[in-house]
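Novice: After the C-alpha cells below, expect a handful of questions from me.
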Amino acid sequence: MAQTTELVKVVVVGGSFAGVAVIQTLLSSIKSGHKNIQIILIEKRDARHHPIGAFRALVDAEYAKRVWIPYTNLFPKDSHHKIIQDTVTQVYHDHVVLASGQSVPFNYIALCTGSSNPAPAKFTADSSKESIAITDKAREDLKKAKSAVVVGGGACGVELAGEIKSAFPDKKVTLIHSSQTLVDYPGYSPVLKSGALTHLRDLGVDVVLGFRAEIEGLTFQNSIQSAPRTIVTPSGTTIESDIQFLSVGISVDTSYISTLKPATNPTFDSSTLIHADNHQIKVQKTLQVIGFDNIFAAGDCADYSKVPTAAASGVIAPTIAKNIIALVEAKKKNKTAKLSNPGWYPSVMLLATGPETGVIAMPLIGTRFSNSISKALKSKDLMVGMTNASMNWK
Ligand SMILES: Cc1cc2nc3c(=O)[nH]c(=O)nc-3n(C[C@H](O)[C@H](O)[C@H](O)COP(=O)(O)OP(=O)(O)OC[C@H]3O[C@@H](n4cnc5c(N)ncnc54)[C@H](O)[C@@H]3O)c2cc1C
C-alpha cells in the first residue's frame with residue numbers, strides 16, 4: 001500500500017528578493033524529494049517590482065517595461081504550490097489572517113515583507129498599473145523640467161540624481177543632503193562616501209551638503225512634486241527647480257506581528273518581537289523569530305543585516321528554506337534538527353549613476369570608481385535581467 005505523507009504547508013509572505021530566494025531554495029529541495037511540501041506565496045501586489053531599476057524606469061520608458069514582472073511563471077506549471085494576492089494583516093503561531101478576512105494555516109512561515117521608500121523608488125499602491133502611472137507621469141514632468149532637485153543623499157538620492165543627470169545632461173540637477181557625508185552607512189569605507197561626492201560632481205550634479213531642506217508638501221507619501229520652486233540655503237544661495245523628489249527614509253511595516261503569541265502563552269507581549277525604532281522583526285542567527293521555531297523572517301523587515309540590501313537578502317534568505325527542510329526532516333525522524341546560520345555575506349555597495357557610470361565598494365577589490373566595472377556589474381541593466389530570471393520570466 002502506498003504510504004501517505006502529511007502535507008507540510010510553508011507560507012512565504014512577500015514575493016521580492018528575500019521571499020523569492022526562500023521559494024527558489026525550497027523548490028530545489030522539493031525537486032530532489034520533499035514532494036509533500038506545499039509553498040503558498042502571499043503577496044499583496046499583482047506583479048513583482050524591481051526597485052533597483054526604479055530610477056532608470058523614471059528616465060527611460062523602454063526600460064520601464066521590464067521592472068514589473070508577473071508571478072505567472074514563479075512555480076512550475078501544474079504544481080500544487082499557490083499564490084494568493086492579498087495582504088497579511090495578522091500573524092498567529094499557526095495561521096495568518098489576510099485583509100480579505102481569509103485565514104491561511106501554515107506549518108512554517110517566512111516573513112519577507114521588506115520595506116518602503118518614497119516613490120518612484122518603491123510604491124504604496126498594490127496595483128502595478130497605478131505605480132507605473134506614477135512613474136510615467138513623473139517622467140513626462142521631468143522631461144519638461146529645466147531643473148530638478150533631489151532631497152536626500154543616501155544611496156537612493158545619489159542614484160536618482162545620477163540617473164537624471166545622465167539621461168538629461170542639459171538639465172540642472174541639485175542633490176541636497178542634510179549631513180556632510182553622502183551614503184553614510186555603517187561598515188562602508190570613507191573612500192566610497194567621498195568618492196560618491198566626487199563622482200556626482202564630475203557628472204555635473206550640484207551637491208549641497210549640510211542643509212536640511214524642508215519643502216512644503218514634499219513628504220514620504222507625496223514624494224514627487226512638479227512645481228517651480230526656489231529654495232534658499234542658510235548661506236543665502238538660491239536653488240531653482242521645476243521638479244522635486246524626496247529621497248529620504250525607509251519605512252518597515254511589521255504591524256501584522258502584534259497578534260503573534262506562542263500557543264502556550266496568551267499573555268505574551270508581542271511588542272518585544274520588534275524594534276521600537278525601526279520596526280524590524282528580531283530574529284535569531286537561524287532567522288527564526290525570537291521564541292518561535294516555525295516562524296522565520298529575512299530581508300529588509302528583519303534585523304539581521306546592518307544595511308539591508310537585495311544582495312544580502314539573496315545570500316541570507318535561502319537559510320530559511322534550508323532550516324525549514326531540516327525541521328521537516330528532523331520531525332519525520334523524531335530527532336532534533338541541526339539548523340544553520342547564513343554566515344558571512346559581503347557588504348557590497350554598487351551605486352549606479354546612469355547606464356555607463358557608477359561607484360562600487362566590494363570586498364577584495366575595494367572601492368573603485370571605475371565606470372567599466374560598475375557598468376559590467378550593475379549600471380548597464382541594473383540587474384533587472386537577474387530578477388527576471390529568478391521569476392522564470394524572459
Ligand atoms: C532605488 C533602489 C535601489 C536599490 N539598489 C540596490 C542595489 O543595487 N543592490 C542591493 O543589494 N539592494 C538595493 N536596494 C535595496 C533593495 O531593493 C532592498 O534591500 C530589497 O528590495 C529588499 O528585499 P525584500 O525582499 O526584503 O523586500 P521588498 O523588496 O521590500 O519586498 C517586499 C515584498 O513584500 C510585499 N509585502 C509587504 N507587506 C506585505 C503584506 N503584509 N502582505 C503581503 N505582501 C506584503 C511587498 O508587496 C513586496 O513585494 C535598492 C533599493 C532601492 C529603493
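Going by the C-alpha cells order, chains are called A, B, ..., each with residues numbered from 1, while ligands are numbered from 1 in the order shown.
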Quick one: DSSP alpha helix (DSSP H) residues in range 225-366 of chain A, as a ChimeraX atom specification?

Specialist: /A:310-316,318-332

Novice: For range 113-116 of chain A, please output as a PyMOL selection string all residues within 10 Å (counting only C-alpha atoms; exclusion window: fewer than 3 positions along the same chain).

Specialist: chain A and resi 12-19+42-44+87-88+110+119+121-124+220+249-254+280+297-302+308-310+313

Novice: Write to file, as a CSV table (one decimal), in the first residue's frame, the residues of the selection just made, with N, CA and C atoms.

Specialist:
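Written output follows (part12.csv):
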```
chain,number,residue,atom,x,y,z
A,12,VAL,N,5.0,31.8,2.5
A,12,VAL,CA,6.0,32.9,2.3
A,12,VAL,C,5.3,34.2,2.1
A,13,VAL,N,5.5,35.2,3.0
A,13,VAL,CA,4.8,36.4,2.8
A,13,VAL,C,5.7,37.5,2.2
A,14,GLY,N,5.4,37.9,1.0
A,14,GLY,CA,6.2,38.9,0.3
A,14,GLY,C,7.1,38.2,-0.8
A,15,GLY,N,6.8,38.5,-2.1
A,15,GLY,CA,7.5,37.9,-3.2
A,15,GLY,C,8.5,38.8,-3.8
A,16,SER,N,9.5,39.2,-3.1
A,16,SER,CA,10.5,40.0,-3.7
A,16,SER,C,11.9,39.3,-3.5
A,17,PHE,N,13.0,40.1,-3.2
A,17,PHE,CA,14.3,39.4,-3.2
A,17,PHE,C,14.3,38.3,-2.2
A,18,ALA,N,13.9,38.6,-0.9
A,18,ALA,CA,14.0,37.6,0.2
A,18,ALA,C,13.0,36.5,-0.1
A,19,GLY,N,11.8,36.8,-0.3
A,19,GLY,CA,10.8,35.8,-0.5
A,19,GLY,C,11.1,34.8,-1.6
A,42,ILE,N,2.1,34.6,-0.3
A,42,ILE,CA,1.1,35.6,-0.1
A,42,ILE,C,1.7,36.9,-0.5
A,43,GLU,N,1.3,37.6,-1.5
A,43,GLU,CA,1.9,38.8,-2.0
A,43,GLU,C,0.8,39.8,-2.3
A,44,LYS,N,0.9,41.0,-1.7
A,44,LYS,CA,-0.2,42.0,-1.9
A,44,LYS,C,-0.2,42.6,-3.3
A,87,THR,N,-3.1,40.9,1.4
A,87,THR,CA,-2.2,41.5,2.4
A,87,THR,C,-2.3,40.7,3.7
A,88,VAL,N,-1.2,40.3,4.2
A,88,VAL,CA,-1.3,39.7,5.6
A,88,VAL,C,-1.4,40.8,6.6
A,110,ALA,N,7.7,32.2,6.4
A,110,ALA,CA,8.8,33.1,6.2
A,110,ALA,C,8.2,34.5,5.9
A,119,ALA,N,8.2,57.0,-3.5
A,119,ALA,CA,8.2,56.9,-4.9
A,119,ALA,C,9.1,57.9,-5.6
A,121,ALA,N,11.0,55.2,-6.0
A,121,ALA,CA,11.9,54.1,-5.7
A,121,ALA,C,11.0,52.8,-5.5
A,122,LYS,N,10.0,53.0,-4.6
A,122,LYS,CA,9.0,51.9,-4.3
A,122,LYS,C,7.7,52.6,-4.2
A,123,PHE,N,6.6,51.8,-4.1
A,123,PHE,CA,5.3,52.4,-4.2
A,123,PHE,C,4.4,51.9,-3.1
A,124,THR,N,3.4,52.7,-2.7
A,124,THR,CA,2.5,52.2,-1.6
A,124,THR,C,1.3,51.5,-2.3
A,220,PHE,N,7.0,61.7,2.5
A,220,PHE,CA,7.2,60.3,2.1
A,220,PHE,C,6.0,59.9,1.2
A,249,GLY,N,14.4,58.3,3.7
A,249,GLY,CA,13.6,57.5,4.6
A,249,GLY,C,13.3,56.1,4.0
A,250,ILE,N,13.3,55.2,5.0
A,250,ILE,CA,12.9,53.8,4.6
A,250,ILE,C,12.0,53.4,5.8
A,251,SER,N,10.8,52.9,5.4
A,251,SER,CA,9.9,52.5,6.5
A,251,SER,C,9.6,51.0,6.4
A,252,VAL,N,9.4,50.4,7.6
A,252,VAL,CA,9.1,49.0,7.7
A,252,VAL,C,7.8,48.8,8.4
A,253,ASP,N,6.9,48.1,7.8
A,253,ASP,CA,5.6,47.9,8.4
A,253,ASP,C,5.5,46.4,8.8
A,254,THR,N,5.6,46.1,10.1
A,254,THR,CA,5.5,44.7,10.6
A,254,THR,C,4.4,44.7,11.6
A,280,GLN,N,11.8,46.6,12.7
A,280,GLN,CA,12.3,45.3,12.1
A,280,GLN,C,12.0,44.2,13.1
A,297,ALA,N,12.0,35.1,9.5
A,297,ALA,CA,12.0,36.4,8.8
A,297,ALA,C,13.3,36.7,8.2
A,298,ALA,N,13.3,37.4,7.0
A,298,ALA,CA,14.5,37.8,6.4
A,298,ALA,C,14.3,39.0,5.5
A,299,GLY,N,15.3,39.6,5.0
A,299,GLY,CA,15.2,40.7,4.1
A,299,GLY,C,15.1,42.0,4.9
A,300,ASP,N,14.6,43.0,4.3
A,300,ASP,CA,14.6,44.4,4.9
A,300,ASP,C,13.7,44.4,6.2
A,301,CYS,N,12.8,43.5,6.3
A,301,CYS,CA,11.9,43.5,7.5
A,301,CYS,C,12.5,42.9,8.7
A,302,ALA,N,13.6,42.2,8.6
A,302,ALA,CA,14.3,41.5,9.7
A,302,ALA,C,15.5,42.3,10.2
A,308,PRO,N,20.4,46.6,5.2
A,308,PRO,CA,19.6,45.6,4.4
A,308,PRO,C,19.7,45.9,2.9
A,309,THR,N,20.1,44.9,2.1
A,309,THR,CA,20.1,45.1,0.7
A,309,THR,C,19.6,43.9,0.0
A,310,ALA,N,19.3,44.0,-1.3
A,310,ALA,CA,18.8,42.8,-2.1
A,310,ALA,C,19.9,41.8,-2.1
A,313,SER,N,19.9,39.9,1.1
A,313,SER,CA,18.7,39.0,1.1
A,313,SER,C,19.0,37.8,0.3
```

Novice: With only C-alpha atoms and all ligand atoms as the basis for distance, which of A:Ala311, A:Ile30, A:Ile373, A:Ile40 is at the shortest distance from ligand 1?

Specialist: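 Closest to ligand 1 of all the choices is A:Ala311.
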
Novice: In Å, rounded to a single decimal, give me how far atom 43 (C, counted along the ligand's line) of ligand 1 is from CA of His95 in chain A.

Specialist: 13.9 Å

Novice: Could you tell me which of A:Thr5, A:Thr72, A:Ser29, A:Thr238 comes closest to Trp393 in chain A if we count only C-alpha atoms?

Specialist: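 Selected residue with least distance to Trp393 in chain A: A:Thr72.
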
Novice: With a distance cut-off of 12 Å and only C-alpha atoms, select the neighbouring residues of Asn265 in chain A, excluding the residue or stretch itself and same-chain residues fewer than 3 positions from it, and output the selection as a list in words.

Specialist: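 The contact residues come out as His93, Leu260, Lys261, Pro262, Phe268, Asp269, Ser270, Gly291 and Phe292 of chain A.
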
Novice: Write a file of the selected residues as a tab-separated table (two decimals), in the first residue's frame, keeping C-alpha atoms.

Specialist:
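Output file out.tsv follows:
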```tsv
chain	number	residue	atom	x	y	z
A	93	HIS	CA	1.55	30.85	15.64
A	260	LEU	CA	1.72	36.73	17.44
A	261	LYS	CA	1.87	34.77	20.71
A	262	PRO	CA	3.17	31.29	21.49
A	268	PHE	CA	2.94	37.13	25.77
A	269	ASP	CA	3.85	40.72	24.83
A	270	SER	CA	4.37	40.64	21.06
A	291	GLY	CA	10.85	32.37	20.67
A	292	PHE	CA	9.23	30.69	17.63
```

Novice: Using Å and a single decimal, report how far CA of Thr174 in chain A sits from CA of Thr353 in chain A.

Specialist: 13.9 Å

Novice: Could you pull out the strand (DSSP E or B) residues of range 148-339 of chain A from DSSP and send them as a ChimeraX atom specification?

Specialist: /A:148-151,172-177,206-209,224-232,238-246,251,274,281,283,288-289,295-297,302

Novice: Nearest residue to ligand 1 out of A:Leu41, A:Val59, A:Ile290, A:Ala376, using only C-alpha atoms and all ligand atoms?

Specialist: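 So, comparing all the options, the nearest one is A:Leu41.
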